[in-house]
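**Student:** Input structure: data_5.cif, which contains mmCIF, C-alpha atoms (C1' of nucleotides).
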```
data_start
#
loop_
_atom_site.label_atom_id
_atom_site.label_comp_id
_atom_site.auth_asym_id
_atom_site.auth_seq_id
_atom_site.Cartn_x
_atom_site.Cartn_y
_atom_site.Cartn_z
CA MET Q 1 0.00 0.00 0.00
CA ARG Q 2 1.11 3.49 -0.67
CA PRO Q 3 -0.73 5.96 1.51
CA GLU Q 4 1.26 8.81 0.07
CA HIS Q 5 0.07 8.01 -3.38
CA THR Q 6 -3.60 7.73 -2.58
CA HIS Q 7 -3.71 11.17 -1.10
CA VAL Q 8 -3.05 13.80 -3.74
CA PRO Q 9 -4.52 17.00 -2.38
CA ALA Q 10 -1.76 19.40 -3.24
CA LEU Q 11 -1.59 21.11 -6.61
CA PRO Q 12 1.69 22.60 -7.78
CA PRO Q 13 2.18 26.03 -6.19
CA SER Q 14 2.68 27.86 -9.46
CA PRO Q 15 2.98 31.58 -8.90
CA HIS Q 16 0.90 33.07 -11.68
CA ALA Q 17 -0.62 30.43 -13.88
CA ASP Q 18 -2.49 28.10 -11.57
CA GLY Q 19 -6.22 28.39 -11.44
CA ASN Q 20 -6.37 30.82 -14.34
CA CYS Q 21 -4.43 28.50 -16.56
CA ARG Q 22 -6.99 25.79 -15.98
CA ALA Q 23 -9.91 28.07 -16.65
CA VAL Q 24 -8.37 29.46 -19.81
CA ALA Q 25 -7.62 25.93 -20.88
CA SER Q 26 -11.31 25.10 -20.63
CA VAL Q 27 -12.12 27.91 -23.04
CA LEU Q 28 -9.38 26.76 -25.36
CA ALA Q 29 -10.89 23.31 -25.15
CA ARG Q 30 -14.17 24.74 -26.38
CA VAL Q 31 -12.38 26.26 -29.31
CA GLY Q 32 -10.60 23.02 -29.94
CA ASP Q 33 -13.87 21.17 -29.93
CA LYS Q 34 -14.22 19.61 -33.31
CA TRP Q 35 -17.55 21.31 -33.98
CA SER Q 36 -17.86 24.36 -31.75
CA VAL Q 37 -15.83 26.62 -33.98
CA LEU Q 38 -17.66 25.48 -37.08
CA VAL Q 39 -20.99 26.22 -35.46
CA ILE Q 40 -19.83 29.64 -34.34
CA MET Q 41 -18.68 30.42 -37.86
CA MET Q 42 -22.02 29.39 -39.29
CA LEU Q 43 -23.85 31.65 -36.87
CA ILE Q 44 -21.84 34.77 -37.63
CA ASP Q 45 -24.20 35.93 -40.35
CA GLY Q 46 -27.25 35.61 -38.14
CA PRO Q 47 -29.67 33.18 -36.52
CA VAL Q 48 -29.89 29.72 -37.99
CA ARG Q 49 -32.25 26.83 -37.42
CA PHE Q 50 -31.22 23.44 -36.14
CA ASN Q 51 -31.43 21.37 -39.28
CA GLU Q 52 -30.19 24.25 -41.34
CA LEU Q 53 -27.10 24.25 -39.18
CA LYS Q 54 -26.78 20.51 -39.51
CA ARG Q 55 -27.00 20.87 -43.25
CA MET Q 56 -24.47 23.68 -43.44
CA ILE Q 57 -21.86 21.82 -41.46
CA GLY Q 58 -22.39 18.48 -43.08
CA GLY Q 59 -20.93 15.43 -41.44
CA ILE Q 60 -22.09 16.19 -37.95
CA SER Q 61 -24.56 13.89 -36.28
CA GLN Q 62 -27.71 15.11 -34.67
CA ARG Q 63 -26.40 14.14 -31.31
CA MET Q 64 -23.13 16.03 -31.69
CA LEU Q 65 -24.86 19.14 -32.97
CA THR Q 66 -27.19 19.09 -30.00
CA LEU Q 67 -24.35 18.58 -27.54
CA THR Q 68 -22.24 21.25 -29.19
CA LEU Q 69 -25.07 23.76 -29.11
CA ARG Q 70 -25.77 22.88 -25.49
CA GLY Q 71 -22.16 23.56 -24.56
CA LEU Q 72 -22.13 26.81 -26.47
CA GLU Q 73 -25.38 27.85 -24.87
CA ARG Q 74 -24.08 26.92 -21.45
CA ASP Q 75 -21.05 29.13 -21.94
CA GLY Q 76 -23.28 32.01 -22.91
CA LEU Q 77 -21.99 32.06 -26.47
CA VAL Q 78 -25.26 31.31 -28.25
CA THR Q 79 -28.91 31.78 -27.48
CA ARG Q 80 -31.68 29.35 -28.18
CA THR Q 81 -35.01 30.76 -29.29
CA ILE Q 82 -37.97 28.42 -29.48
CA PHE Q 83 -40.95 29.18 -31.69
CA PRO Q 84 -43.85 27.09 -30.40
CA THR Q 85 -45.20 26.49 -33.87
CA ILE Q 86 -46.02 23.37 -35.75
CA PRO Q 87 -43.66 22.11 -36.83
CA PRO Q 88 -41.50 23.46 -34.04
CA ARG Q 89 -38.76 25.87 -34.93
CA VAL Q 90 -35.64 26.71 -32.97
CA ASP Q 91 -33.24 29.47 -33.86
CA TYR Q 92 -29.70 29.62 -32.63
CA GLU Q 93 -27.96 32.95 -32.54
CA LEU Q 94 -24.61 34.25 -31.40
CA THR Q 95 -24.59 36.41 -28.29
CA ASP Q 96 -22.33 39.43 -27.94
CA LEU Q 97 -19.96 37.18 -26.08
CA GLY Q 98 -20.06 34.68 -28.89
CA ARG Q 99 -19.42 37.35 -31.49
CA GLY Q 100 -16.53 38.58 -29.38
CA LEU Q 101 -15.07 35.09 -29.31
CA ALA Q 102 -15.58 34.73 -33.02
CA GLN Q 103 -13.11 37.51 -33.64
CA PRO Q 104 -9.92 35.97 -32.19
CA VAL Q 105 -11.09 32.63 -33.49
CA GLN Q 106 -11.32 34.06 -36.97
CA ALA Q 107 -7.87 35.52 -36.55
CA LEU Q 108 -6.64 32.08 -35.66
CA GLY Q 109 -8.50 30.58 -38.57
CA LYS Q 110 -7.01 33.15 -40.88
CA TRP Q 111 -3.54 32.32 -39.66
CA ALA Q 112 -4.21 28.62 -40.08
CA PHE Q 113 -5.47 29.16 -43.59
CA GLU Q 114 -2.51 31.29 -44.60
CA HIS Q 115 0.05 28.89 -43.18
CA LEU Q 116 -1.58 25.69 -44.31
CA PRO Q 117 1.05 25.04 -47.00
CA GLU Q 118 3.88 25.35 -44.51
CA ILE Q 119 2.22 23.08 -42.01
CA GLU Q 120 1.30 20.46 -44.56
CA GLY Q 121 4.78 20.67 -45.98
CA ALA Q 122 6.26 20.20 -42.56
CA ARG Q 123 4.04 17.20 -41.99
CA THR Q 124 5.02 15.61 -45.27
CA SER Q 125 8.67 16.26 -44.58
CA PHE Q 126 8.42 14.87 -41.10
CA ASP Q 127 6.55 11.80 -42.23
CA ALA Q 128 9.07 11.19 -44.98
CA ARG Q 129 11.96 11.48 -42.56
CA ASN Q 130 10.20 9.29 -40.08
CA GLY Q 131 9.11 6.79 -42.67
CA GLN Q 132 12.54 6.43 -44.18
CA GLY Q 133 14.07 5.78 -40.78
CA MET W 134 1.94 9.37 -60.00
CA ARG W 135 -1.58 10.52 -60.18
CA PRO W 136 -2.01 13.56 -62.37
CA GLU W 137 -5.58 13.79 -61.23
CA HIS W 138 -4.47 14.35 -57.71
CA THR W 139 -2.18 17.19 -58.55
CA HIS W 140 -4.94 19.08 -60.20
CA VAL W 141 -7.33 19.58 -57.28
CA PRO W 142 -10.51 18.64 -59.11
CA ALA W 143 -13.23 20.93 -57.93
CA LEU W 144 -13.14 23.49 -55.24
CA PRO W 145 -16.49 24.90 -54.24
CA PRO W 146 -17.20 28.47 -55.22
CA SER W 147 -18.30 29.09 -51.63
CA PRO W 148 -16.68 32.08 -50.04
CA HIS W 149 -16.57 30.22 -46.73
CA ALA W 150 -14.53 27.40 -48.17
CA ASP W 151 -15.31 23.77 -47.82
CA GLY W 152 -12.31 21.56 -48.27
CA ASN W 153 -10.20 24.25 -46.66
CA CYS W 154 -12.50 24.10 -43.71
CA ARG W 155 -11.28 20.60 -42.99
CA ALA W 156 -7.65 21.56 -43.15
CA VAL W 157 -8.17 24.57 -40.98
CA ALA W 158 -10.06 22.37 -38.58
CA SER W 159 -6.99 20.20 -38.19
CA VAL W 160 -4.99 23.21 -37.11
CA LEU W 161 -7.73 24.23 -34.75
CA ALA W 162 -7.62 20.72 -33.38
CA ARG W 163 -3.96 21.22 -32.58
CA VAL W 164 -4.79 24.37 -30.74
CA GLY W 165 -7.60 22.62 -28.95
CA ASP W 166 -5.27 19.89 -27.88
CA LYS W 167 -5.25 19.86 -24.14
CA TRP W 168 -1.50 20.36 -23.96
CA SER W 169 -0.25 21.82 -27.23
CA VAL W 170 -1.10 25.40 -26.35
CA LEU W 171 0.44 25.09 -22.92
CA VAL W 172 3.65 23.77 -24.43
CA ILE W 173 3.76 26.57 -26.97
CA MET W 174 3.29 29.11 -24.23
CA MET W 175 6.12 27.63 -22.22
CA LEU W 176 8.42 27.80 -25.20
CA ILE W 177 7.80 31.44 -26.01
CA ASP W 178 10.66 32.67 -23.84
CA GLY W 179 13.16 30.35 -25.45
CA PRO W 180 14.38 26.75 -25.69
CA VAL W 181 13.41 24.45 -22.87
CA ARG W 182 14.47 20.95 -21.96
CA PHE W 183 12.14 17.99 -21.75
CA ASN W 184 11.86 17.54 -18.02
CA GLU W 185 11.95 21.26 -17.50
CA LEU W 186 8.91 21.47 -19.72
CA LYS W 187 7.25 18.65 -17.88
CA ARG W 188 7.91 20.42 -14.63
CA MET W 189 6.64 23.79 -15.87
CA ILE W 190 3.37 22.38 -17.08
CA GLY W 191 2.77 20.12 -14.14
CA GLY W 192 0.12 17.48 -14.45
CA ILE W 193 1.17 16.18 -17.84
CA SER W 194 2.41 12.65 -18.14
CA GLN W 195 5.66 11.79 -19.85
CA ARG W 196 3.74 10.05 -22.56
CA MET W 197 1.50 13.01 -23.34
CA LEU W 198 4.38 15.45 -23.36
CA THR W 199 6.25 13.29 -25.81
CA LEU W 200 3.24 12.87 -28.05
CA THR W 201 2.41 16.56 -27.89
CA LEU W 202 5.95 17.55 -28.79
CA ARG W 203 5.96 15.03 -31.61
CA GLY W 204 2.81 16.52 -33.03
CA LEU W 205 4.15 20.03 -32.71
CA GLU W 206 7.39 19.02 -34.33
CA ARG W 207 5.55 17.28 -37.12
CA ASP W 208 3.59 20.44 -37.85
CA GLY W 209 6.81 22.42 -38.00
CA LEU W 210 5.96 24.42 -34.93
CA VAL W 211 8.87 23.36 -32.74
CA THR W 212 12.35 22.06 -33.33
CA ARG W 213 14.06 19.30 -31.44
CA THR W 214 17.76 19.70 -30.74
CA ILE W 215 19.64 16.75 -29.34
CA PHE W 216 22.89 17.19 -27.44
CA PRO W 217 24.69 13.85 -27.50
CA THR W 218 26.03 14.28 -24.00
CA ILE W 219 25.77 12.18 -20.92
CA PRO W 220 23.23 12.48 -19.61
CA PRO W 221 21.48 13.24 -22.88
CA ARG W 222 19.90 16.62 -23.30
CA VAL W 223 17.14 17.68 -25.67
CA ASP W 224 16.04 21.23 -26.21
CA TYR W 225 12.71 22.17 -27.70
CA GLU W 226 12.34 25.53 -29.32
CA LEU W 227 9.63 27.36 -31.18
CA THR W 228 10.12 27.82 -34.90
CA ASP W 229 9.13 31.02 -36.66
CA LEU W 230 5.93 29.27 -37.59
CA GLY W 231 5.35 28.34 -33.98
CA ARG W 232 5.97 31.88 -32.82
CA GLY W 233 3.57 33.08 -35.45
CA LEU W 234 0.93 30.72 -34.19
CA ALA W 235 1.59 31.79 -30.63
CA GLN W 236 0.40 35.27 -31.45
CA PRO W 237 -3.24 34.57 -32.36
CA VAL W 238 -3.30 31.92 -29.69
CA GLN W 239 -2.24 34.46 -27.13
CA ALA W 240 -4.93 36.79 -28.41
CA LEU W 241 -7.43 34.04 -27.88
CA GLY W 242 -6.02 33.31 -24.45
CA LYS W 243 -6.25 36.96 -23.57
CA TRP W 244 -9.87 37.06 -24.62
CA ALA W 245 -10.59 33.93 -22.63
CA PHE W 246 -8.94 35.37 -19.58
CA GLU W 247 -10.80 38.66 -19.82
CA HIS W 248 -14.17 37.04 -20.32
CA LEU W 249 -13.78 34.26 -17.81
CA PRO W 250 -16.22 35.82 -15.36
CA GLU W 251 -18.92 36.09 -18.00
CA ILE W 252 -18.44 32.54 -19.16
CA GLU W 253 -18.36 31.11 -15.68
CA GLY W 254 -21.37 33.19 -14.78
CA ALA W 255 -23.22 31.90 -17.81
CA ARG W 256 -22.31 28.36 -16.89
CA THR W 257 -23.55 28.79 -13.35
CA SER W 258 -26.73 30.39 -14.56
CA PHE W 259 -27.32 27.68 -17.10
CA ASP W 260 -26.64 24.92 -14.61
CA ALA W 261 -28.98 26.50 -12.11
CA ARG W 262 -31.73 26.80 -14.69
CA ASN W 263 -31.13 23.31 -15.90
CA GLY W 264 -30.85 21.89 -12.40
CA GLN W 265 -34.02 23.48 -11.14
CA GLY W 266 -36.23 22.60 -13.99
"C1'" DC B 267 17.85 12.48 -18.65
"C1'" DT B 268 14.98 11.26 -22.56
"C1'" DG B 269 12.37 8.45 -24.56
"C1'" DT B 270 9.45 3.87 -25.97
"C1'" DA B 271 6.04 0.00 -25.27
"C1'" DT B 272 2.18 -1.90 -22.98
"C1'" DC B 273 -2.06 -2.28 -20.38
"C1'" DC B 274 -6.41 -0.35 -19.11
"C1'" DG B 275 -10.10 2.83 -17.84
"C1'" DA B 276 -12.64 7.09 -19.32
"C1'" DC B 277 -14.67 9.73 -22.64
"C1'" DG B 278 -16.09 11.37 -27.21
"C1'" DT B 279 -18.47 10.02 -31.26
"C1'" DG B 280 -21.76 8.04 -34.19
"C1'" DA B 281 -25.91 5.01 -35.54
"C1'" DT B 282 -30.30 3.94 -34.38
"C1'" DA B 283 -34.81 4.19 -32.49
"C1'" DC B 284 -38.18 6.73 -30.11
"C1'" DT B 285 -40.91 11.09 -28.40
"C1'" DG B 286 -43.39 15.81 -28.80
"C1'" DC D 287 -38.70 19.70 -37.29
"C1'" DA D 288 -36.25 19.31 -32.87
"C1'" DG D 289 -34.65 16.61 -29.30
"C1'" DT D 290 -33.71 12.52 -26.13
"C1'" DA D 291 -32.07 7.78 -24.87
"C1'" DT D 292 -29.44 3.87 -25.58
"C1'" DC D 293 -25.72 1.05 -27.17
"C1'" DA D 294 -21.26 -0.03 -29.44
"C1'" DC D 295 -16.89 1.38 -30.96
"C1'" DG D 296 -12.62 3.83 -31.24
"C1'" DT D 297 -9.51 6.91 -29.52
"C1'" DC D 298 -7.41 9.59 -25.77
"C1'" DG D 299 -4.99 9.77 -21.71
"C1'" DG D 300 -2.61 8.03 -17.54
"C1'" DA D 301 0.30 4.67 -14.87
"C1'" DT D 302 3.77 1.58 -15.17
"C1'" DA D 303 7.79 -0.80 -16.72
"C1'" DC D 304 11.61 -0.89 -19.64
"C1'" DA D 305 15.63 0.92 -22.86
"C1'" DG D 306 19.46 4.02 -24.65
#
```
Please rewrite the model in this file as structure tokens.
**Tutor:**
Amino acid sequence: MRPEHTHVPALPPSPHADGNCRAVASVLARVGDKWSVLVIMMLIDGPVRFNELKRMIGGISQRMLTLTLRGLERDGLVTRTIFPTIPPRVDYELTDLGRGLAQPVQALGKWAFEHLPEIEGARTSFDARNGQG
Amino acid sequence: MRPEHTHVPALPPSPHADGNCRAVASVLARVGDKWSVLVIMMLIDGPVRFNELKRMIGGISQRMLTLTLRGLERDGLVTRTIFPTIPPRVDYELTDLGRGLAQPVQALGKWAFEHLPEIEGARTSFDARNGQG
DNA sequence: CTGTATCCGACGTGATACTG
DNA sequence: CAGTATCACGTCGGATACAG
């Protein structure tokens, strides 16, 4: 038995980046979510319906779209507006917070787009080097 | 050789891009990687050794650090310099590409940090609403 | 010190079927 | 049309042991 191992209460006493780092990481995780960014991008132009969104993204399952939208809504990035009509209609729209997030995300996306050749080249080169031995 | 492949058959006339979206998504995925961003941040000041990195991050396993660094190296974001000494020493350093990426990432991190209260507030509010009813 | 290989649990993801 | 519930699968991630 290792009593010392079972009890892990202490977190590293980092001076600056301790709790904040974690919290920021959670936001970064949202951005890194396979679908979140796509959804945000699709909502930039204005409110979009559920299936419309699903159609625009293409390749996302109903489940994942629902979960993604839930997460986004939870973080206060999108709003969900229900129209109690028949058939039911639900609009998703970016909040101010969401639009604010979209900006740095777009900057990142722009960077990614511009440097795609370099990255893909680096990958090819690396794979070749690795593959050859 | 496949001449067909070199010619990029049909790109959609969409202004949002379609095939590019995928590629960009892969870069976003890197950013969303739990550890990649942290590693990049740690390397901004200059080259860092393996265990030093592991220590700075704190909470990352040896395996994950290795894999993360591999991925970063593959994408041409960091370089790996081996000093054939005893004991062996390996320095990891950001490339120009990596430093370039660090910029928008930092912008995103800054945004995240500044809007943490709002996001956490939204989460609490959402959870309360969801929990109660 | 710097990695690699292996086992194993946790979680994300998708397909399907069902409800309002 | 919008959303939930369930199951099955693959990958991610950590702990450990081992190697150069």
**Student:** For the provided coordinates, the residues matched by the PyMOL selection byres ((chain B and resi 272-276) around 9) should be stated as a ChimeraX atom specification.
**Tutor:** /B:271,277 /D:298-299,302-303
**Student:** Write out as a count of residues only which residues come within 9 Å of range 33-35 of chain Q when counting only C-alpha atoms (C1' of nucleotides), dropping same-chain ones fewer than 4 positions away.
**Tutor:** 15
**Student:** Contacts from chain B to chain W, 10 Å maximum, only C-alpha atoms (C1' of nucleotides): show me the residue list as a PyMOL selection string.
**Tutor:** chain B and resi 267-270
**Student:** Apply the PyMOL selection byres ((chain W) within 9 of (chain Q)) to the displayed file and report the matching residues as a PyMOL selection string.
**Tutor:** chain W and resi 153-154+156-168+170-171+189+191-192+206-210+230+233-234+236-238+240-246+248-249+251-260
**Student:** Those residues you just picked out, can you put them in a file as a short mmCIF file (atom, residue, chain, number, x, y, z; two decimals), in the frame of the given file with C-alpha atoms?
**Tutor:**
```cif
data_model
loop_
_atom_site.label_atom_id
_atom_site.label_comp_id
_atom_site.auth_asym_id
_atom_site.auth_seq_id
_atom_site.Cartn_x
_atom_site.Cartn_y
_atom_site.Cartn_z
CA ASN W 153 -10.20 24.25 -46.66
CA CYS W 154 -12.50 24.10 -43.71
CA ALA W 156 -7.65 21.56 -43.15
CA VAL W 157 -8.17 24.57 -40.98
CA ALA W 158 -10.06 22.37 -38.58
CA SER W 159 -6.99 20.20 -38.19
CA VAL W 160 -4.99 23.21 -37.11
CA LEU W 161 -7.73 24.23 -34.75
CA ALA W 162 -7.62 20.72 -33.38
CA ARG W 163 -3.96 21.22 -32.58
CA VAL W 164 -4.79 24.37 -30.74
CA GLY W 165 -7.60 22.62 -28.95
CA ASP W 166 -5.27 19.89 -27.88
CA LYS W 167 -5.25 19.86 -24.14
CA TRP W 168 -1.50 20.36 -23.96
CA VAL W 170 -1.10 25.40 -26.35
CA LEU W 171 0.44 25.09 -22.92
CA MET W 189 6.64 23.79 -15.87
CA GLY W 191 2.77 20.12 -14.14
CA GLY W 192 0.12 17.48 -14.45
CA GLU W 206 7.39 19.02 -34.33
CA ARG W 207 5.55 17.28 -37.12
CA ASP W 208 3.59 20.44 -37.85
CA GLY W 209 6.81 22.42 -38.00
CA LEU W 210 5.96 24.42 -34.93
CA LEU W 230 5.93 29.27 -37.59
CA GLY W 233 3.57 33.08 -35.45
CA LEU W 234 0.93 30.72 -34.19
CA GLN W 236 0.40 35.27 -31.45
CA PRO W 237 -3.24 34.57 -32.36
CA VAL W 238 -3.30 31.92 -29.69
CA ALA W 240 -4.93 36.79 -28.41
CA LEU W 241 -7.43 34.04 -27.88
CA GLY W 242 -6.02 33.31 -24.45
CA LYS W 243 -6.25 36.96 -23.57
CA TRP W 244 -9.87 37.06 -24.62
CA ALA W 245 -10.59 33.93 -22.63
CA PHE W 246 -8.94 35.37 -19.58
CA HIS W 248 -14.17 37.04 -20.32
CA LEU W 249 -13.78 34.26 -17.81
CA GLU W 251 -18.92 36.09 -18.00
CA ILE W 252 -18.44 32.54 -19.16
CA GLU W 253 -18.36 31.11 -15.68
CA GLY W 254 -21.37 33.19 -14.78
CA ALA W 255 -23.22 31.90 -17.81
CA ARG W 256 -22.31 28.36 -16.89
CA THR W 257 -23.55 28.79 -13.35
CA SER W 258 -26.73 30.39 -14.56
CA PHE W 259 -27.32 27.68 -17.10
CA ASP W 260 -26.64 24.92 -14.61
#
```
**Student:** For the file shown, report as number ranges by chain the outcome of the PyMOL selection byres ((chain D) within 9 of (chain Q)) at residue level.
**Tutor:** D: 287-289
**Student:** Give the superposed chain Q as a CSV table (one decimal) with C-alpha atoms, in the coordinates of the input, the fit being least squares on chain W over all ordered C-alpha pairs.
**Tutor:**
```csv
chain,number,residue,atom,x,y,z
Q,1,MET,CA,-22.9,1.0,-57.5
Q,2,ARG,CA,-22.6,4.7,-57.6
Q,3,PRO,CA,-19.7,5.8,-59.8
Q,4,GLU,CA,-20.5,9.5,-59.1
Q,5,HIS,CA,-20.0,9.0,-55.5
Q,6,THR,CA,-16.7,7.2,-55.7
Q,7,HIS,CA,-15.1,9.9,-57.7
Q,8,VAL,CA,-14.9,13.1,-55.6
Q,9,PRO,CA,-12.2,15.2,-57.2
Q,10,ALA,CA,-13.8,18.6,-57.2
Q,11,LEU,CA,-13.5,20.8,-54.2
Q,12,PRO,CA,-16.0,23.7,-53.7
Q,13,PRO,CA,-15.0,26.6,-55.9
Q,14,SER,CA,-14.9,29.1,-53.0
Q,15,PRO,CA,-13.7,32.5,-54.2
Q,16,HIS,CA,-11.4,33.6,-51.4
Q,17,ALA,CA,-11.2,31.1,-48.7
Q,18,ASP,CA,-10.3,27.8,-50.3
Q,19,GLY,CA,-6.7,26.6,-49.9
Q,20,ASN,CA,-5.8,29.4,-47.4
Q,21,CYS,CA,-8.7,28.4,-45.2
Q,22,ARG,CA,-7.4,24.9,-45.0
Q,23,ALA,CA,-3.8,26.0,-44.3
Q,24,VAL,CA,-4.9,28.5,-41.6
Q,25,ALA,CA,-7.1,25.8,-40.1
Q,26,SER,CA,-4.0,23.6,-39.7
Q,27,VAL,CA,-2.3,26.3,-37.7
Q,28,LEU,CA,-5.4,26.8,-35.6
Q,29,ALA,CA,-5.4,23.0,-35.1
Q,30,ARG,CA,-1.9,23.3,-33.6
Q,31,VAL,CA,-3.2,26.0,-31.2
Q,32,GLY,CA,-6.1,23.9,-30.4
Q,33,ASP,CA,-3.9,20.9,-29.6
Q,34,LYS,CA,-4.4,20.1,-26.0
Q,35,TRP,CA,-0.7,20.5,-25.2
Q,36,SER,CA,0.9,22.7,-27.8
Q,37,VAL,CA,-0.2,25.9,-26.2
Q,38,LEU,CA,0.8,24.8,-22.8
Q,39,VAL,CA,4.3,23.9,-24.0
Q,40,ILE,CA,4.6,27.2,-25.8
Q,41,MET,CA,3.7,29.1,-22.6
Q,42,MET,CA,6.2,27.2,-20.6
Q,43,LEU,CA,8.9,28.1,-23.1
Q,44,ILE,CA,8.3,31.8,-23.1
Q,45,ASP,CA,10.7,32.5,-20.3
Q,46,GLY,CA,13.5,30.6,-22.0
Q,47,PRO,CA,14.9,27.2,-22.8
Q,48,VAL,CA,13.6,24.3,-20.8
Q,49,ARG,CA,14.7,20.6,-20.6
Q,50,PHE,CA,12.5,17.7,-21.4
Q,51,ASN,CA,11.6,16.4,-18.0
Q,52,GLU,CA,11.5,19.9,-16.6
Q,53,LEU,CA,8.8,20.6,-19.2
Q,54,LYS,CA,7.0,17.4,-18.3
Q,55,ARG,CA,7.1,18.4,-14.7
Q,56,MET,CA,5.9,21.9,-15.3
Q,57,ILE,CA,2.9,20.8,-17.3
Q,58,GLY,CA,2.0,17.9,-15.1
Q,59,GLY,CA,-0.5,15.4,-16.5
Q,60,ILE,CA,1.1,15.0,-19.8
Q,61,SER,CA,2.6,11.6,-20.8
Q,62,GLN,CA,6.1,11.2,-22.1
Q,63,ARG,CA,4.7,10.1,-25.4
Q,64,MET,CA,2.4,13.2,-25.8
Q,65,LEU,CA,5.2,15.6,-24.8
Q,66,THR,CA,7.5,14.1,-27.3
Q,67,LEU,CA,4.9,14.2,-30.1
Q,68,THR,CA,3.9,17.7,-29.2
Q,69,LEU,CA,7.5,18.9,-29.2
Q,70,ARG,CA,8.0,17.1,-32.5
Q,71,GLY,CA,5.0,18.9,-34.1
Q,72,LEU,CA,6.2,22.2,-32.7
Q,73,GLU,CA,9.7,21.6,-34.0
Q,74,ARG,CA,8.3,20.6,-37.4
Q,75,ASP,CA,6.4,23.8,-37.7
Q,76,GLY,CA,9.5,25.8,-36.9
Q,77,LEU,CA,8.1,27.0,-33.6
Q,78,VAL,CA,10.7,25.5,-31.2
Q,79,THR,CA,14.3,24.4,-31.5
Q,80,ARG,CA,15.8,21.3,-30.1
Q,81,THR,CA,19.3,21.5,-28.8
Q,82,ILE,CA,21.1,18.3,-27.8
Q,83,PHE,CA,24.0,18.3,-25.3
Q,84,PRO,CA,25.9,15.1,-25.8
Q,85,THR,CA,26.6,14.7,-22.2
Q,86,ILE,CA,26.0,12.0,-19.7
Q,87,PRO,CA,23.3,12.0,-18.8
Q,88,PRO,CA,22.0,13.4,-22.0
Q,89,ARG,CA,20.4,16.8,-21.9
Q,90,VAL,CA,18.0,18.4,-24.4
Q,91,ASP,CA,16.9,21.9,-24.3
Q,92,TYR,CA,13.8,23.2,-26.1
Q,93,GLU,CA,13.5,26.8,-26.9
Q,94,LEU,CA,11.0,29.0,-28.7
Q,95,THR,CA,12.1,30.4,-32.1
Q,96,ASP,CA,11.3,33.9,-33.2
Q,97,LEU,CA,8.3,32.4,-35.0
Q,98,GLY,CA,7.2,30.6,-31.9
Q,99,ARG,CA,7.5,33.8,-29.9
Q,100,GLY,CA,5.5,35.6,-32.5
Q,101,LEU,CA,2.8,33.0,-32.3
Q,102,ALA,CA,2.9,33.2,-28.5
Q,103,GLN,CA,1.7,36.8,-28.7
Q,104,PRO,CA,-1.8,36.3,-30.3
Q,105,VAL,CA,-2.1,33.1,-28.3
Q,106,GLN,CA,-1.6,35.0,-25.1
Q,107,ALA,CA,-4.1,37.5,-26.3
Q,108,LEU,CA,-6.6,34.7,-26.8
Q,109,GLY,CA,-5.6,33.2,-23.4
Q,110,LYS,CA,-6.2,36.6,-21.8
Q,111,TRP,CA,-9.6,36.9,-23.3
Q,112,ALA,CA,-10.5,33.4,-22.3
Q,113,PHE,CA,-9.3,34.1,-18.7
Q,114,GLU,CA,-11.3,37.3,-18.5
Q,115,HIS,CA,-14.5,35.8,-19.9
Q,116,LEU,CA,-14.3,32.5,-18.0
Q,117,PRO,CA,-17.2,33.5,-15.7
Q,118,GLU,CA,-19.5,34.3,-18.6
Q,119,ILE,CA,-18.7,31.2,-20.4
Q,120,GLU,CA,-19.1,29.0,-17.4
Q,121,GLY,CA,-22.3,30.7,-16.5
Q,122,ALA,CA,-23.6,30.2,-20.0
Q,123,ARG,CA,-22.7,26.5,-19.8
Q,124,THR,CA,-24.4,26.1,-16.4
Q,125,SER,CA,-27.5,27.9,-17.7
Q,126,PHE,CA,-27.5,25.9,-20.9
Q,127,ASP,CA,-27.1,22.6,-19.0
Q,128,ALA,CA,-29.9,23.6,-16.6
Q,129,ARG,CA,-32.2,24.4,-19.4
Q,130,ASN,CA,-31.3,21.3,-21.3
Q,131,GLY,CA,-31.5,19.2,-18.2
Q,132,GLN,CA,-34.9,20.4,-17.1
Q,133,GLY,CA,-36.3,19.7,-20.6
```
**Student:** Just give me the gap between CA of Leu43 in chain Q and CA of Asp96 in chain Q in Å, one decimal is fine.
**Tutor:**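 Interatomic distance here is 11.9 Å.
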**Student:** Pick out the residues sitting within 10 Å of DC295 in chain D, and hand them over as a ChimeraX atom specification; count all atoms listed in the file, and ignore anything fewer than 2 positions along from it in its own chain.
**Tutor:** /B:279-280 /D:293,297
**Student:** How many Å separate CA of Arg55 in chain Q from CA of Pro117 in chain Q?
**Tutor:**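 A separation of 28.6 Å between them.
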**Student:** Rounded to one decimal in Å, what is the spacing between CA of Thr228 in chain W and C1' of DG300 in chain D?
**Tutor:**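 Distance reported for this atom pair: 29.2 Å.
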